Amino acid sequence: MKKLIASVCVAGLVFASLSGCSWFDRSGVVVSEDEFRITEDTLFATQLSPIYQEMDTAPGINTSYLVTFDRDGSVQALKIHPMAIGEPIWQGDTLVAVDRKYDYFVSDRVVKVDHPKVEVMTNIVASSTTDEVFALMNDGDTEDGYKTSVETLTQGGHTTTKLDGAYLMTSECDGVLYGIGDAEGRVAAQAPKELGDNVTALVQATGTANHQEHVISYQRTHEGEGSATPLPCFTDSIANLALDVSEPDRPVTLTGSVRVRNVRDGSHHDVVLRNPDGTRYETYIEAPNYDLNSVSGRSFNWLNNDGVYWRTNIDTGVTEKLFQIQESEQFFAVGSVAFSPEGIHIIAELEEGTVIKSFSKKDGSLIRTLEVPGFDTITARTRQHWTLAVSPHVP
């Protein structure tokens with residue numbers, strides 16, 4: 001649970017001296033646009049924002065921040081506008097973030113581009129071939145069905161692709177963003193009738209001539225698949241884990257498969273997950289974090305929410321346990337995960353204070369514990385971070 005920093009302020013102090021309360025005393029953490037910048041010492045970044053729009057109506061609650069963390073634990077925060085599920089990302093040496101009114105490109109200075117948009121983001125992905133960044137936005141339910149959109153961002157401007165459907169899973173392949181999710185509106189109207197009412201569509205979500213989705217294929221919805229983090233891409237195929245769905249009144253299933261979708265011809269197939277000895281894989285998969293840095297050959301790595309780091313081959317389904325990170329259940333429950341080429345990094349707001357812990361991909365051993373007390377001066381129960389962005393200079 002997030003700590004309420006201002007809870008100990010008494011009324012007399014509030015009226016006598018607002019600066020005496022930790023809610024208002026930022027201890028130099030909050031800086032101006034002219035002071036906010038990325039340096040060679042900047043390791044991580046995150047974004048703090050109200051959980052949803054109804055929470056940013058009272059004074060002090062609607063404050064949102066773009067936050068950076070240096071290698072010595074120092075924190076800098078730039079006050080920005082709210083964006084629910086706002087996530088920053090590095091594109092090369094530039095940190096990119098969005099809020100409801102602007103796009104931010106931060107290097108040795110802040111470039112702010114005027115760009116009003118909806119209030120909820122789903123995720124953000126950097127192009128692997130250009131300087132573009134793709135922000136998947138959640139437009140919400142309308143009279144014509146559920147709507148999402150992709151904002152393709154550069155410092156020179158933006159383009160918008162309108163999507164009919166709830167495309168909560170994404171993957172970037174060769175500079176193009178693809179979406180996977182519930183078909184709605186015009187997309188659902190084109191779906192084969194034999195698939196029934198619950199249909200999942202694979203769509204091209206950027207780079208289309210009409211700035212709308214291009215439907216590649218349809219499948220009957222699999223209730224056991226889903227991801228809040230971008231999926232790994234293998235040249236022309238997107239892979240994700242799908243947990244077998246339990247029947248009512250039956251024990252929770254512990255088996256699953258890797259679903260592979262081809263973005264060229266729309267074909268898809270499922271490969272049953274197996275242990276290295278050929279027996280059926282039986283471990284509960286929950287909220288897997290896909291390590292896009294680990295894609296190699298026909299395999300990818302992923303971190304389960306219990307701290308076990310796995311490698312899965314998309315052709316054979318063989319899933320090998322690499323190691324277990326030795327931390328408490330509470331740490332993983334409140335932590336947000338990010339990856340670098342050699343490390344796994346987790347930011348966690350704990351009762352004793354926020355920390356960012358880095359673990360080796362070789363064996364899960366702890367590399368670094370970064371205490372960031374300055375971060376705790378700007379957190380609040382009504383503000384949340386959803387992820388951690390890692391500088392490309394972190395090994």
# chains A, B, ... in the order shown; residues from 1 in each chain; ligands from 1
>>> residues_around(residues="Val113 (chain A)", least_positions_apart="3", cutoff="7 Å", atoms="only C-alpha atoms", output="MDAnalysis selection string")
chainID A and resid 102:104
>>> write_last_selection(atoms="N, CA and C atoms", output="tab-separated table (two decimals), in the first residue's frame")
chain	number	residue	atom	x	y	z
A	102	TYR	N	0.81	16.96	-23.18
A	102	TYR	CA	2.09	17.11	-23.86
A	102	TYR	C	2.79	15.77	-24.04
A	103	ASP	N	3.76	15.76	-24.96
A	103	ASP	CA	4.76	14.71	-25.06
A	103	ASP	C	6.08	15.32	-24.61
A	104	TYR	N	6.89	14.53	-23.88
A	104	TYR	CA	8.16	15.02	-23.34
A	104	TYR	C	9.31	14.19	-23.90
>>> select_by_dssp(residues="region 113-315 of chain A", states="alpha helix (DSSP H)", output="ChimeraX atom specification")
/A:185-189
>>> residues_around(residues="Gly196 (chain A)", least_positions_apart="6", cutoff="12 Å", atoms="only C-alpha atoms", output="JSON, numbers by chain")
{"A": [183, 188, 189, 218, 219, 220, 221]}
>>> residues_around(residues="Pro230 (chain A)", least_positions_apart="2", cutoff="9 Å", atoms="only C-alpha atoms", output="JSON, numbers by chain")
{"A": [123, 124, 125, 169, 170, 171, 172, 227, 228, 232, 289, 290, 292]}
>>> select_by_dssp(residues="region 95-263 of chain A", states="strand (DSSP E)", output="VMD selection string")
chain A and resid 95 to 98 102 to 106 110 to 114 121 to 126 133 to 142 145 to 154 157 to 173 176 to 183 199 to 204 214 to 220 233 to 234 237 to 243 256 to 262
>>> residues_around(residues="region 29-33 of chain A", least_positions_apart="4", cutoff="7 Å", atoms="only C-alpha atoms", output="PyMOL selection string")
chain A and resi 75-78+110+374
>>> residues_around(residues="region 87-101 of chain A", least_positions_apart="6", cutoff="10 Å", atoms="only C-alpha atoms", output="JSON, numbers by chain")
{"A": [37, 38, 39, 40, 44, 45, 46, 47, 48, 49, 64, 65, 66, 67, 68, 80, 81, 107, 108, 109, 110, 111, 112, 113, 114, 115, 116, 117, 118, 119, 120, 121, 122, 123, 124, 125, 126, 127, 128, 130, 131, 132, 133, 135, 153, 154, 155, 385, 386, 387, 388, 389, 390, 391, 392, 393]}
>>> residues_around(residues="Ile347 (chain A)", least_positions_apart="3", cutoff="12 Å", atoms="only C-alpha atoms", output="ChimeraX atom specification")
/A:44-46,69,331-339,344,350,353-359,368-372,375,385-390
>>> atom_distance(atom1="CA of Phe134 (chain A)", atom2="CA of Cys233 (chain A)")
15.5 Å
>>> atom_distance(atom1="CA of Asn138 (chain A)", atom2="CA of Ile216 (chain A)")
20.9 Å
